[in-house]
$ cat model.cif   # mmCIF, C-alpha atoms
data_protein
#
loop_
_atom_site.label_atom_id
_atom_site.label_comp_id
_atom_site.auth_asym_id
_atom_site.auth_seq_id
_atom_site.Cartn_x
_atom_site.Cartn_y
_atom_site.Cartn_z
CA MET A 1 93.20 107.85 107.54
CA ILE A 2 89.95 106.00 106.99
CA GLU A 3 87.63 107.08 104.23
CA ILE A 4 84.36 105.75 102.86
CA THR A 5 83.65 107.60 99.67
CA GLU A 6 81.80 107.72 96.37
CA ALA A 7 84.87 109.22 94.70
CA GLU A 8 87.55 107.30 92.82
CA ILE A 9 90.44 106.05 94.94
CA SER A 10 93.79 107.77 94.50
CA LEU A 11 96.35 105.18 95.56
CA ASP A 12 99.06 107.71 94.81
CA GLU A 13 97.84 110.09 97.48
CA MET A 14 97.44 107.29 99.98
CA ILE A 15 101.02 106.20 99.38
CA ARG A 16 102.23 109.76 99.75
CA ARG A 17 100.51 110.00 103.12
CA ALA A 18 101.93 106.64 104.25
CA ARG A 19 105.54 107.36 103.29
CA SER A 20 107.94 108.08 106.12
CA LYS A 21 111.68 108.05 106.51
CA ASP A 22 111.39 105.44 109.26
CA ALA A 23 109.56 103.02 106.98
CA GLY A 24 111.52 100.50 104.94
CA ALA A 25 108.52 98.66 103.54
CA MET A 26 105.11 99.56 102.24
CA VAL A 27 102.46 97.01 101.23
CA THR A 28 99.26 97.93 99.47
CA PHE A 29 96.15 95.92 98.74
CA LEU A 30 93.66 96.80 96.03
CA GLY A 31 90.38 94.95 95.78
CA THR A 32 89.01 95.35 92.26
CA VAL A 33 85.77 94.48 90.49
CA ARG A 34 86.41 91.17 88.79
CA ASP A 35 84.54 90.16 85.67
CA ASP A 36 82.45 87.21 86.85
CA GLY A 37 80.10 87.65 83.94
CA MET A 38 78.69 90.80 85.51
CA GLU A 39 78.62 94.39 84.37
CA GLY A 40 79.48 96.09 87.63
CA LEU A 41 78.87 96.39 91.32
CA GLU A 42 76.81 98.56 93.64
CA VAL A 43 78.48 99.06 97.00
CA GLU A 44 76.44 100.10 100.02
CA ALA A 45 77.70 101.08 103.46
CA PHE A 46 76.27 101.65 106.91
CA ARG A 47 78.56 104.64 106.77
CA GLU A 48 78.89 105.69 110.42
CA ALA A 49 79.22 102.13 111.70
CA ALA A 50 81.69 101.17 108.94
CA GLN A 51 83.84 104.22 109.62
CA ALA A 52 84.00 103.36 113.33
CA GLU A 53 84.72 99.69 112.68
CA LEU A 54 87.50 100.49 110.18
CA GLU A 55 89.03 102.93 112.65
CA ALA A 56 89.06 100.20 115.30
CA ILE A 57 90.62 97.71 112.85
CA ARG A 58 93.23 100.29 111.86
CA GLU A 59 94.18 100.89 115.50
CA GLU A 60 94.51 97.16 116.11
CA ALA A 61 96.75 96.72 113.07
CA MET A 62 98.89 99.74 113.94
CA SER A 63 99.71 98.47 117.42
CA ARG A 64 99.87 94.73 116.66
CA PHE A 65 102.24 95.11 113.72
CA HIS A 66 104.05 98.30 114.74
CA LEU A 67 102.94 100.08 111.60
CA MET A 68 104.16 103.58 110.81
CA ALA A 69 101.01 104.33 108.83
CA ALA A 70 97.82 102.61 107.71
CA GLU A 71 95.41 104.11 105.18
CA VAL A 72 92.09 102.61 104.15
CA VAL A 73 89.68 103.89 101.50
CA HIS A 74 86.49 101.99 100.63
CA ARG A 75 84.25 103.08 97.80
CA THR A 76 80.48 103.08 97.71
CA GLY A 77 78.11 103.48 94.80
CA SER A 78 78.36 102.16 91.23
CA LEU A 79 81.62 100.55 90.14
CA ALA A 80 82.56 99.16 86.75
CA VAL A 81 84.60 96.00 86.10
CA GLY A 82 88.29 96.75 86.76
CA GLU A 83 87.68 99.60 89.21
CA SER A 84 89.03 99.53 92.76
CA ILE A 85 86.56 98.81 95.56
CA VAL A 86 88.97 99.13 98.44
CA ALA A 87 92.57 100.26 98.89
CA ILE A 88 94.77 99.64 101.92
CA VAL A 89 98.30 100.99 102.38
CA CYS A 90 100.52 99.96 105.32
CA SER A 91 104.05 101.08 106.02
CA ALA A 92 106.41 99.64 108.60
CA ALA A 93 110.10 99.44 109.37
CA HIS A 94 110.28 95.93 107.92
CA ARG A 95 108.37 94.00 105.28
CA GLU A 96 107.08 91.23 107.55
CA GLU A 97 105.07 93.78 109.54
CA ALA A 98 103.85 95.68 106.49
CA PHE A 99 102.57 92.48 104.84
CA SER A 100 100.93 91.21 108.05
CA GLY A 101 99.31 94.56 108.81
CA CYS A 102 97.84 94.90 105.33
CA ARG A 103 96.56 91.34 105.38
CA TYR A 104 95.05 91.82 108.83
CA ILE A 105 93.13 94.92 107.76
CA ILE A 106 91.55 93.37 104.66
CA GLU A 107 90.60 90.15 106.50
CA GLU A 108 89.01 92.03 109.40
CA LEU A 109 87.31 94.50 107.06
CA LYS A 110 85.64 91.60 105.28
CA LYS A 111 84.53 90.06 108.57
CA ARG A 112 83.51 93.14 110.51
CA ALA A 113 82.77 96.23 108.42
CA PRO A 114 79.09 96.79 107.51
CA LEU A 115 79.49 97.02 103.75
CA TRP A 116 77.63 95.18 101.01
CA LYS A 117 78.08 94.50 97.32
CA LYS A 118 75.40 93.90 94.74
CA GLU A 119 76.41 92.36 91.44
CA MET A 120 74.71 93.96 88.46
CA GLY A 121 74.46 91.74 85.41
CA GLU A 122 72.52 91.20 82.23
CA LYS A 123 70.49 88.54 84.00
CA GLY A 124 69.65 90.73 86.96
CA GLU A 125 71.04 91.73 90.30
CA ARG A 126 72.31 89.75 93.28
CA TRP A 127 73.50 90.75 96.75
CA VAL A 128 76.84 89.08 97.41
CA GLY A 129 77.14 86.87 100.47
CA ARG A 130 73.40 86.34 100.94
CA THR A 131 72.54 82.65 100.92
CA MET B 1 107.65 93.10 83.10
CA ILE B 2 111.03 93.12 84.80
CA GLU B 3 113.07 96.30 84.84
CA ILE B 4 116.38 97.28 86.43
CA THR B 5 116.72 100.99 86.05
CA GLU B 6 118.36 104.20 87.22
CA ALA B 7 115.07 106.04 86.73
CA GLU B 8 112.47 106.72 89.42
CA ILE B 9 109.85 104.03 89.82
CA SER B 10 106.33 104.83 88.64
CA LEU B 11 104.09 102.56 90.70
CA ASP B 12 101.12 104.06 88.90
CA GLU B 13 102.27 102.73 85.54
CA MET B 14 103.07 99.33 87.01
CA ILE B 15 99.57 99.11 88.45
CA ARG B 16 98.07 100.15 85.14
CA ARG B 17 99.96 97.33 83.42
CA ALA B 18 98.90 94.80 86.07
CA ARG B 19 95.20 95.63 86.01
CA SER B 20 92.92 93.15 84.31
CA LYS B 21 89.23 92.47 84.40
CA ASP B 22 89.89 88.91 85.60
CA ALA B 23 91.82 90.14 88.65
CA GLY B 24 89.97 90.76 91.90
CA ALA B 25 93.05 91.53 93.98
CA MET B 26 96.28 93.40 93.51
CA VAL B 27 99.07 93.50 96.08
CA THR B 28 102.08 95.76 95.81
CA PHE B 29 105.31 95.89 97.75
CA LEU B 30 107.55 98.93 97.94
CA GLY B 31 110.96 98.68 99.55
CA THR B 32 112.08 102.16 100.57
CA VAL B 33 115.29 103.70 101.91
CA ARG B 34 114.85 103.82 105.68
CA ASP B 35 116.61 106.41 107.78
CA ASP B 36 119.02 104.31 109.84
CA GLY B 37 121.14 107.34 110.51
CA MET B 38 122.35 107.32 106.92
CA GLU B 39 122.03 109.83 104.13
CA GLY B 40 121.23 107.54 101.28
CA LEU B 41 122.00 104.36 99.42
CA GLU B 42 123.99 103.34 96.38
CA VAL B 43 122.49 100.36 94.60
CA GLU B 44 124.59 98.23 92.27
CA ALA B 45 123.44 95.41 90.02
CA PHE B 46 125.00 92.65 87.97
CA ARG B 47 122.44 93.80 85.48
CA GLU B 48 122.22 90.90 83.00
CA ALA B 49 122.29 88.24 85.71
CA ALA B 50 119.79 90.12 87.90
CA GLN B 51 117.41 90.56 84.97
CA ALA B 52 117.55 86.83 84.19
CA GLU B 53 117.13 85.83 87.84
CA LEU B 54 114.16 88.17 88.31
CA GLU B 55 112.55 86.81 85.18
CA ALA B 56 112.93 83.28 86.55
CA ILE B 57 111.46 84.33 89.92
CA ARG B 58 108.58 86.06 88.15
CA GLU B 59 107.78 82.92 86.13
CA GLU B 60 107.83 80.79 89.28
CA ALA B 61 105.48 83.17 91.08
CA MET B 62 103.11 83.44 88.09
CA SER B 63 102.63 79.68 87.86
CA ARG B 64 102.75 78.81 91.57
CA PHE B 65 100.20 81.42 92.60
CA HIS B 66 98.17 81.64 89.38
CA LEU B 67 98.93 85.34 89.00
CA MET B 68 97.34 87.38 86.22
CA ALA B 69 100.31 89.76 86.20
CA ALA B 70 103.57 90.36 88.03
CA GLU B 71 105.67 93.49 87.58
CA VAL B 72 109.06 94.10 89.19
CA VAL B 73 111.18 97.25 88.99
CA HIS B 74 114.47 97.54 90.90
CA ARG B 75 116.42 100.76 90.97
CA THR B 76 120.16 101.19 90.79
CA GLY B 77 122.33 104.22 91.49
CA SER B 78 121.99 106.86 94.21
CA LEU B 79 118.83 106.89 96.31
CA ALA B 80 117.81 109.31 99.06
CA VAL B 81 116.06 108.41 102.29
CA GLY B 82 112.37 107.78 101.56
CA GLU B 83 112.84 106.81 97.91
CA SER B 84 111.72 103.44 96.57
CA ILE B 85 114.40 100.82 95.90
CA VAL B 86 112.13 98.12 94.56
CA ALA B 87 108.49 97.85 93.55
CA ILE B 88 106.53 94.66 92.96
CA VAL B 89 102.93 94.47 91.76
CA CYS B 90 100.99 91.19 91.59
CA SER B 91 97.41 90.70 90.50
CA ALA B 92 95.34 87.56 90.86
CA ALA B 93 91.74 86.44 90.93
CA HIS B 94 91.79 86.30 94.74
CA ARG B 95 93.71 88.06 97.49
CA GLU B 96 95.38 84.98 98.98
CA GLU B 97 97.26 84.41 95.72
CA ALA B 98 98.13 88.06 95.18
CA PHE B 99 99.60 88.35 98.71
CA SER B 100 101.52 85.08 98.42
CA GLY B 101 102.88 85.91 94.97
CA CYS B 102 104.11 89.34 96.03
CA ARG B 103 105.70 87.94 99.17
CA TYR B 104 107.38 85.16 97.20
CA ILE B 105 108.93 87.56 94.72
CA ILE B 106 110.46 89.88 97.34
CA GLU B 107 111.81 86.97 99.42
CA GLU B 108 113.38 85.27 96.41
CA LEU B 109 114.70 88.55 95.05
CA LYS B 110 116.54 89.12 98.32
CA LYS B 111 117.96 85.62 98.28
CA ARG B 112 118.79 85.21 94.62
CA ALA B 113 119.14 88.45 92.64
CA PRO B 114 122.68 89.84 92.28
CA LEU B 115 122.04 93.30 93.69
CA TRP B 116 123.92 95.18 96.39
CA LYS B 117 123.32 98.21 98.58
CA LYS B 118 125.90 100.52 100.06
CA GLU B 119 124.82 102.80 102.89
CA MET B 120 126.20 106.30 102.60
CA GLY B 121 126.49 108.16 105.88
CA GLU B 122 128.31 110.98 107.61
CA LYS B 123 130.65 108.45 109.13
CA GLY B 124 131.45 106.78 105.84
CA GLU B 125 130.15 104.03 103.62
CA ARG B 126 129.25 100.43 104.24
CA TRP B 127 128.18 97.59 101.95
CA VAL B 128 125.04 96.00 103.37
CA GLY B 129 125.11 92.28 104.10
CA ARG B 130 128.90 91.95 104.21
CA THR B 131 130.02 90.51 107.52
CA MET C 1 64.69 104.37 114.56
CA VAL C 2 65.06 101.35 112.27
CA LEU C 3 67.82 101.29 109.63
CA ALA C 4 67.95 98.64 106.91
CA PHE C 5 70.73 97.85 104.45
CA ALA C 6 71.29 95.92 101.23
CA GLY C 7 68.41 93.50 100.53
CA PHE C 8 66.56 94.60 103.65
CA ARG C 9 66.80 98.25 102.60
CA GLU C 10 65.11 97.32 99.33
CA ILE C 11 62.23 95.78 101.29
CA LEU C 12 61.92 98.15 104.24
CA GLY C 13 63.34 101.42 102.97
CA LYS C 14 66.53 102.92 104.31
CA GLU C 15 65.20 104.25 107.58
CA ARG C 16 61.98 104.73 109.46
CA GLU C 17 60.84 105.96 112.84
CA LEU C 18 58.68 103.53 114.77
CA ARG C 19 56.58 104.19 117.85
CA LEU C 20 57.48 101.65 120.50
CA LEU C 21 55.29 100.39 123.32
CA GLU C 22 56.86 100.81 126.73
CA GLY C 23 59.18 97.80 127.30
CA ALA C 24 59.07 96.49 123.70
CA THR C 25 61.85 94.02 122.80
CA VAL C 26 63.93 93.66 119.64
CA LYS C 27 61.93 90.54 118.81
CA GLU C 28 58.61 92.38 119.14
CA LEU C 29 59.84 95.17 116.93
CA LEU C 30 60.93 92.69 114.23
CA GLU C 31 57.57 90.91 114.44
CA GLU C 32 55.75 94.23 114.09
CA LEU C 33 57.78 94.94 110.94
CA ALA C 34 56.95 91.43 109.64
CA LEU C 35 53.27 91.90 110.30
CA ALA C 36 53.20 95.12 108.33
CA ASN C 37 55.36 93.79 105.47
CA PRO C 38 54.95 90.23 104.13
CA ARG C 39 58.12 90.51 102.01
CA PHE C 40 60.12 91.32 105.12
CA LYS C 41 58.45 88.46 106.98
CA GLU C 42 59.43 86.07 104.21
CA ALA C 43 63.00 87.41 104.05
CA ALA C 44 63.70 87.52 107.77
CA PHE C 45 61.74 84.63 109.32
CA ASP C 46 61.53 80.94 108.50
CA GLU C 47 58.30 78.89 108.45
CA SER C 48 58.45 78.18 112.16
CA GLY C 49 58.72 81.89 112.93
CA GLU C 50 62.42 81.83 113.85
CA LEU C 51 64.70 84.62 112.66
CA ARG C 52 66.76 83.37 109.71
CA ASP C 53 70.48 82.77 110.24
CA TYR C 54 71.63 85.43 107.84
CA VAL C 55 69.75 88.29 109.50
CA LEU C 56 72.26 90.47 111.33
CA LEU C 57 71.33 93.12 113.86
CA MET C 58 72.94 96.10 115.54
CA VAL C 59 71.52 98.17 118.37
CA ASN C 60 73.14 101.60 118.53
CA ARG C 61 75.87 100.38 116.15
CA LYS C 62 76.87 97.39 118.27
CA ARG C 63 76.20 93.89 116.93
CA ILE C 64 73.75 91.88 118.99
CA ASP C 65 73.48 88.11 119.11
CA PRO C 66 70.14 86.96 117.62
CA LEU C 67 70.26 83.86 119.82
CA GLN C 68 70.54 85.75 123.09
CA ASP C 69 69.64 89.37 122.68
CA LEU C 70 66.26 89.33 120.94
CA SER C 71 64.59 89.80 124.31
CA ARG C 72 66.51 93.00 124.92
CA THR C 73 64.15 95.93 125.51
CA LEU C 74 64.54 99.01 123.38
CA GLN C 75 64.59 102.55 124.73
CA GLU C 76 63.28 105.74 123.20
CA GLY C 77 66.02 106.91 120.79
CA ASP C 78 67.61 103.47 120.23
CA GLU C 79 68.71 102.70 116.71
CA LEU C 80 68.13 99.18 115.38
CA ALA C 81 69.94 98.21 112.16
CA ILE C 82 68.93 95.17 110.10
CA PHE C 83 71.18 93.75 107.38
CA PRO C 84 72.38 90.60 105.60
CA PRO C 85 75.93 89.12 105.87
CA LEU C 86 78.77 91.56 105.34
CA ALA C 87 80.46 91.61 101.95
CA GLY C 88 82.83 94.53 101.67
CA GLY C 89 86.28 94.76 100.10
CA MET D 1 136.70 87.91 81.61
CA VAL D 2 136.47 88.68 85.32
CA LEU D 3 133.60 90.80 86.65
CA ALA D 4 133.56 92.15 90.20
CA PHE D 5 130.72 93.80 92.13
CA ALA D 6 130.16 95.88 95.25
CA GLY D 7 133.22 95.78 97.56
CA PHE D 8 135.15 93.57 95.14
CA ARG D 9 134.51 96.00 92.30
CA GLU D 10 136.07 98.73 94.40
CA ILE D 11 139.18 96.59 94.80
CA LEU D 12 139.44 94.91 91.41
CA GLY D 13 137.66 97.30 89.08
CA LYS D 14 134.44 96.40 87.35
CA GLU D 15 135.81 94.13 84.67
CA ARG D 16 139.06 92.92 83.26
CA GLU D 17 140.27 90.47 80.68
CA LEU D 18 142.76 87.91 81.92
CA ARG D 19 144.96 85.58 79.93
CA LEU D 20 144.47 82.04 81.15
CA LEU D 21 146.90 79.17 80.99
CA GLU D 22 145.46 76.12 79.27
CA GLY D 23 143.47 74.14 81.88
CA ALA D 24 143.52 76.85 84.58
CA THR D 25 140.94 76.40 87.35
CA VAL D 26 138.73 78.93 89.13
CA LYS D 27 140.99 78.57 92.18
CA GLU D 28 144.11 79.31 90.18
CA LEU D 29 142.51 82.37 88.67
CA LEU D 30 141.50 83.70 92.10
CA GLU D 31 145.01 83.07 93.42
CA GLU D 32 146.50 84.92 90.47
CA LEU D 33 144.25 87.89 91.26
CA ALA D 34 145.31 87.70 94.92
CA LEU D 35 148.97 87.62 94.03
CA ALA D 36 148.62 90.75 91.93
CA ASN D 37 146.44 92.59 94.44
CA PRO D 38 147.10 92.37 98.22
CA ARG D 39 143.80 94.12 99.03
CA PHE D 40 141.93 91.46 97.11
CA LYS D 41 143.96 88.73 98.83
CA GLU D 42 143.02 90.18 102.22
CA ALA D 43 139.36 90.56 101.28
CA ALA D 44 138.89 87.18 99.65
CA PHE D 45 141.16 84.75 101.51
CA ASP D 46 141.65 83.99 105.21
CA GLU D 47 145.08 83.49 106.88
CA SER D 48 145.18 79.81 105.98
CA GLY D 49 144.62 80.61 102.32
CA GLU D 50 141.00 79.43 102.19
CA LEU D 51 138.41 81.45 100.30
CA ARG D 52 136.30 83.43 102.81
CA ASP D 53 132.69 82.36 103.34
CA TYR D 54 131.16 85.51 102.00
CA VAL D 55 132.85 85.38 98.61
CA LEU D 56 130.26 84.41 96.01
CA LEU D 57 131.07 83.28 92.49
CA MET D 58 129.30 82.85 89.18
CA VAL D 59 130.68 81.26 86.03
CA ASN D 60 128.76 82.39 82.97
CA ARG D 61 126.03 83.82 85.25
CA LYS D 62 125.43 80.55 87.12
CA ARG D 63 126.32 80.38 90.80
CA ILE D 64 129.07 77.89 91.61
CA ASP D 65 129.71 76.27 94.98
CA PRO D 66 133.05 77.44 96.42
CA LEU D 67 133.34 74.15 98.33
CA GLN D 68 133.08 71.95 95.27
CA ASP D 69 133.61 73.91 92.11
CA LEU D 70 136.88 75.76 92.66
CA SER D 71 138.69 73.05 90.72
CA ARG D 72 136.51 73.65 87.67
CA THR D 73 138.62 74.52 84.64
CA LEU D 74 137.84 77.69 82.76
CA GLN D 75 137.53 77.93 79.00
CA GLU D 76 138.44 80.74 76.68
CA GLY D 77 135.49 83.18 76.79
CA ASP D 78 134.20 82.11 80.21
CA GLU D 79 132.97 84.89 82.45
CA LEU D 80 133.82 84.69 86.17
CA ALA D 81 131.90 87.03 88.51
CA ILE D 82 133.08 87.75 92.07
CA PHE D 83 130.82 89.42 94.63
CA PRO D 84 129.81 89.62 98.30
CA PRO D 85 126.44 88.44 99.74
CA LEU D 86 123.36 89.68 97.93
CA ALA D 87 121.47 92.61 99.41
CA GLY D 88 118.82 93.85 97.00
CA GLY D 89 115.31 95.07 97.63
#

$ encode --input "model.cif" --output "structure tokens"
Amino acid sequence: MIEITEAEISLDEMIRRARSKDAGAMVTFLGTVRDDGMEGLEVEAFREAAQAELEAIREEAMSRFHLMAAEVVHRTGSLAVGESIVAIVCSAAHREEAFSGCRYIIEELKKRAPLWKKEMGEKGERWVGRT
Amino acid sequence: MIEITEAEISLDEMIRRARSKDAGAMVTFLGTVRDDGMEGLEVEAFREAAQAELEAIREEAMSRFHLMAAEVVHRTGSLAVGESIVAIVCSAAHREEAFSGCRYIIEELKKRAPLWKKEMGEKGERWVGRT
Amino acid sequence: MVLAFAGFREILGKERELRLLEGATVKELLEELALANPRFKEAAFDESGELRDYVLLMVNRKRIDPLQDLSRTLQEGDELAIFPPLAGG
Amino acid sequence: MVLAFAGFREILGKERELRLLEGATVKELLEELALANPRFKEAAFDESGELRDYVLLMVNRKRIDPLQDLSRTLQEGDELAIFPPLAGG
């Protein structure tokens, strides 16, 4: 399942959905708001395009790495330091595939999904990635 | 923290312990009992030696990959298909390190920690790994 | 329909309908936006009037190449999205 | 003290105290166990009396090399662990 949401991420539920008796390995990635001297993040999405892109990435990962399940949730809106921005859960028969699938999804998400972060700090605001 | 336990693994608690405001990435690995036509697993540990070996592996991973936290819980006793055998949680400033640290710990655990699995099936029992 | 995100949303607003002349290109639409909004002109174009490297574009949710596709003509009902480099996750 | 795990535990029991002769080696201890227990002899030694490849050993929780360290002498209070290949995780 792919979800782009304002709500807090429940990794627990994602793991429950990704569990299967044919899976021997599950790898999860959590991207969290790191304290770079800022107070928090604003995350913005081109929601429809991001949903479609993440669904395409998910399909690619599923077939390339023979995943049993792949779940992606990306938050939007205001996030505090320590909160999760994105969660990815991949299950597979073996750990090699689960690690590779999870890595693939986060790398492609960062390259291809229309999502943006703005750092909010005492000294002002800054869109991440803009030169 | 390193734990070898009969009790069910709470990934939630492990993630709570591994969270930190300096971490931007957290990677977790769950090894689960896969249905290979068996009913469950028995896991046995040379507890004191496994604890020491896992602590050594954890220290290596922490310093090699600059981890902020590394948590490992390995279960012993009877496990049903679908249950988690081992859980590893690594947090780091960046995802490259978190992925590498988590991968390192599971690979070294499999090579070095004195732990054994016996598959329990309709047709009998079999120690895994014994030729 | 023009959609803008992140820094460009702050300059242009999230979305707006624009009337297009028959046969108008992506480039002409961007120049029209620049003419009406000096902050957008400054953000999106360099001194020589070239689109800046970090301006990304989608037409109907497909990325287009600013080097090749600016001369593409837009149809009634097309959706043009303008945004800076991606930074999710 | 001898500790055994996995298949070897099922044959030898989990732990037992053994009296050692002064200067006894790891090899001598294993042979004494084999003499007392034909199932252990079968599981641990091949027909020519060599220790099988998959038998792993620790003395005082440090792995020892069955090719080099079988002649190591054991001291009062040493702990010898016998087990098959590792299979955790």

$ interface_residues --input "model.cif" --of "chain B" --to "chain C" --cutoff "12 Å" --atoms "only C-alpha atoms" --output "PyMOL selection string"
chain B and resi 24-25+94-95

$ resolve_selection --input "model.cif" --expression "the PyMOL selection byres ((chain A and resi 35-38) around 10)" --output "PDB file with C-alpha atoms, in the coordinates of the input"
ATOM      1  CA  THR A  32      89.010  95.350  92.260  1.00  0.00           C
ATOM      2  CA  VAL A  33      85.770  94.480  90.490  1.00  0.00           C
ATOM      3  CA  ARG A  34      86.410  91.170  88.790  1.00  0.00           C
ATOM      4  CA  GLU A  39      78.620  94.390  84.370  1.00  0.00           C
ATOM      5  CA  GLY A  40      79.480  96.090  87.630  1.00  0.00           C
ATOM      6  CA  LEU A  41      78.870  96.390  91.320  1.00  0.00           C
ATOM      7  CA  ALA A  80      82.560  99.160  86.750  1.00  0.00           C
ATOM      8  CA  VAL A  81      84.600  96.000  86.100  1.00  0.00           C
ATOM      9  CA  GLY A  82      88.290  96.750  86.760  1.00  0.00           C
ATOM     10  CA  GLU A 119      76.410  92.360  91.440  1.00  0.00           C
ATOM     11  CA  MET A 120      74.710  93.960  88.460  1.00  0.00           C
ATOM     12  CA  GLY A 121      74.460  91.740  85.410  1.00  0.00           C
ATOM     13  CA  GLU A 122      72.520  91.200  82.230  1.00  0.00           C
ATOM     14  CA  LYS A 123      70.490  88.540  84.000  1.00  0.00           C
ATOM     15  CA  GLY A 124      69.650  90.730  86.960  1.00  0.00           C
ATOM     16  CA  GLU A 125      71.040  91.730  90.300  1.00  0.00           C
TER      17      GLU A 125
ATOM     18  CA  SER B  20      92.920  93.150  84.310  1.00  0.00           C
ATOM     19  CA  LYS B  21      89.230  92.470  84.400  1.00  0.00           C
ATOM     20  CA  ASP B  22      89.890  88.910  85.600  1.00  0.00           C
ATOM     21  CA  ALA B  23      91.820  90.140  88.650  1.00  0.00           C
ATOM     22  CA  GLY B  24      89.970  90.760  91.900  1.00  0.00           C
ATOM     23  CA  ALA B  93      91.740  86.440  90.930  1.00  0.00           C
TER      24      ALA B  93
END

$ closest_residue --input "model.cif" --among "B:Glu96, B:Glu107, B:Glu55, B:Glu44" --to "Phe29 in chain A" --atoms "only C-alpha atoms"
B:Glu96

$ residues_around --input "model.cif" --residues "Ala98 in chain B" --least-positions-apart "2" --cutoff "10 Å" --atoms "all atoms listed in the file" --output "PyMOL selection string"
(chain A and resi 29-30) or (chain B and resi 23-28+61-62+65-70+89-96+100-104)

$ write_last_selection --input "model.cif" --atoms "C-alpha atoms" --output "PDB file, in the frame of the given file"
ATOM      1  CA  PHE A  29      96.150  95.920  98.740  1.00  0.00           C
ATOM      2  CA  LEU A  30      93.660  96.800  96.030  1.00  0.00           C
TER       3      LEU A  30
ATOM      4  CA  ALA B  23      91.820  90.140  88.650  1.00  0.00           C
ATOM      5  CA  GLY B  24      89.970  90.760  91.900  1.00  0.00           C
ATOM      6  CA  ALA B  25      93.050  91.530  93.980  1.00  0.00           C
ATOM      7  CA  MET B  26      96.280  93.400  93.510  1.00  0.00           C
ATOM      8  CA  VAL B  27      99.070  93.500  96.080  1.00  0.00           C
ATOM      9  CA  THR B  28     102.080  95.760  95.810  1.00  0.00           C
ATOM     10  CA  ALA B  61     105.480  83.170  91.080  1.00  0.00           C
ATOM     11  CA  MET B  62     103.110  83.440  88.090  1.00  0.00           C
ATOM     12  CA  PHE B  65     100.200  81.420  92.600  1.00  0.00           C
ATOM     13  CA  HIS B  66      98.170  81.640  89.380  1.00  0.00           C
ATOM     14  CA  LEU B  67      98.930  85.340  89.000  1.00  0.00           C
ATOM     15  CA  MET B  68      97.340  87.380  86.220  1.00  0.00           C
ATOM     16  CA  ALA B  69     100.310  89.760  86.200  1.00  0.00           C
ATOM     17  CA  ALA B  70     103.570  90.360  88.030  1.00  0.00           C
ATOM     18  CA  VAL B  89     102.930  94.470  91.760  1.00  0.00           C
ATOM     19  CA  CYS B  90     100.990  91.190  91.590  1.00  0.00           C
ATOM     20  CA  SER B  91      97.410  90.700  90.500  1.00  0.00           C
ATOM     21  CA  ALA B  92      95.340  87.560  90.860  1.00  0.00           C
ATOM     22  CA  ALA B  93      91.740  86.440  90.930  1.00  0.00           C
ATOM     23  CA  HIS B  94      91.790  86.300  94.740  1.00  0.00           C
ATOM     24  CA  ARG B  95      93.710  88.060  97.490  1.00  0.00           C
ATOM     25  CA  GLU B  96      95.380  84.980  98.980  1.00  0.00           C
ATOM     26  CA  SER B 100     101.520  85.080  98.420  1.00  0.00           C
ATOM     27  CA  GLY B 101     102.880  85.910  94.970  1.00  0.00           C
ATOM     28  CA  CYS B 102     104.110  89.340  96.030  1.00  0.00           C
ATOM     29  CA  ARG B 103     105.700  87.940  99.170  1.00  0.00           C
ATOM     30  CA  TYR B 104     107.380  85.160  97.200  1.00  0.00           C
TER      31      TYR B 104
END

$ atom_distance --input "model.cif" --atom1 "CA of Glu79 in chain C" --atom2 "CA of Leu115 in chain A"
17.8 Å

$ resolve_selection --input "model.cif" --expression "the PyMOL selection byres ((chain A and resi 111) around 10)" --output "ChimeraX atom specification"
/A:105-110,112-115 /C:85-89

$ build_atoms --input "model.cif" --residues "range 23-30 of chain C" --atoms "N, CA and C atoms" --output "compact mmCIF listing (two decimals), keeping the file's coordinate frame"
# COMPACT_ATOMS: atom_id res chain seq x y z
N GLY C 23 58.65 99.14 127.01
CA GLY C 23 59.18 97.80 127.30
C GLY C 23 59.23 96.86 126.12
N ALA C 24 59.04 97.37 124.89
CA ALA C 24 59.07 96.49 123.70
C ALA C 24 60.48 95.93 123.49
N THR C 25 60.55 94.67 123.03
CA THR C 25 61.85 94.02 122.80
C THR C 25 62.22 94.09 121.32
N VAL C 26 63.48 93.73 121.03
CA VAL C 26 63.93 93.66 119.64
C VAL C 26 63.03 92.70 118.86
N LYS C 27 62.74 91.56 119.48
CA LYS C 27 61.93 90.54 118.81
C LYS C 27 60.54 91.10 118.46
N GLU C 28 59.93 91.81 119.39
CA GLU C 28 58.61 92.38 119.14
C GLU C 28 58.64 93.41 118.01
N LEU C 29 59.72 94.18 117.99
CA LEU C 29 59.84 95.17 116.93
C LEU C 29 59.96 94.49 115.56
N LEU C 30 60.76 93.42 115.50
CA LEU C 30 60.93 92.69 114.23
C LEU C 30 59.59 92.07 113.81
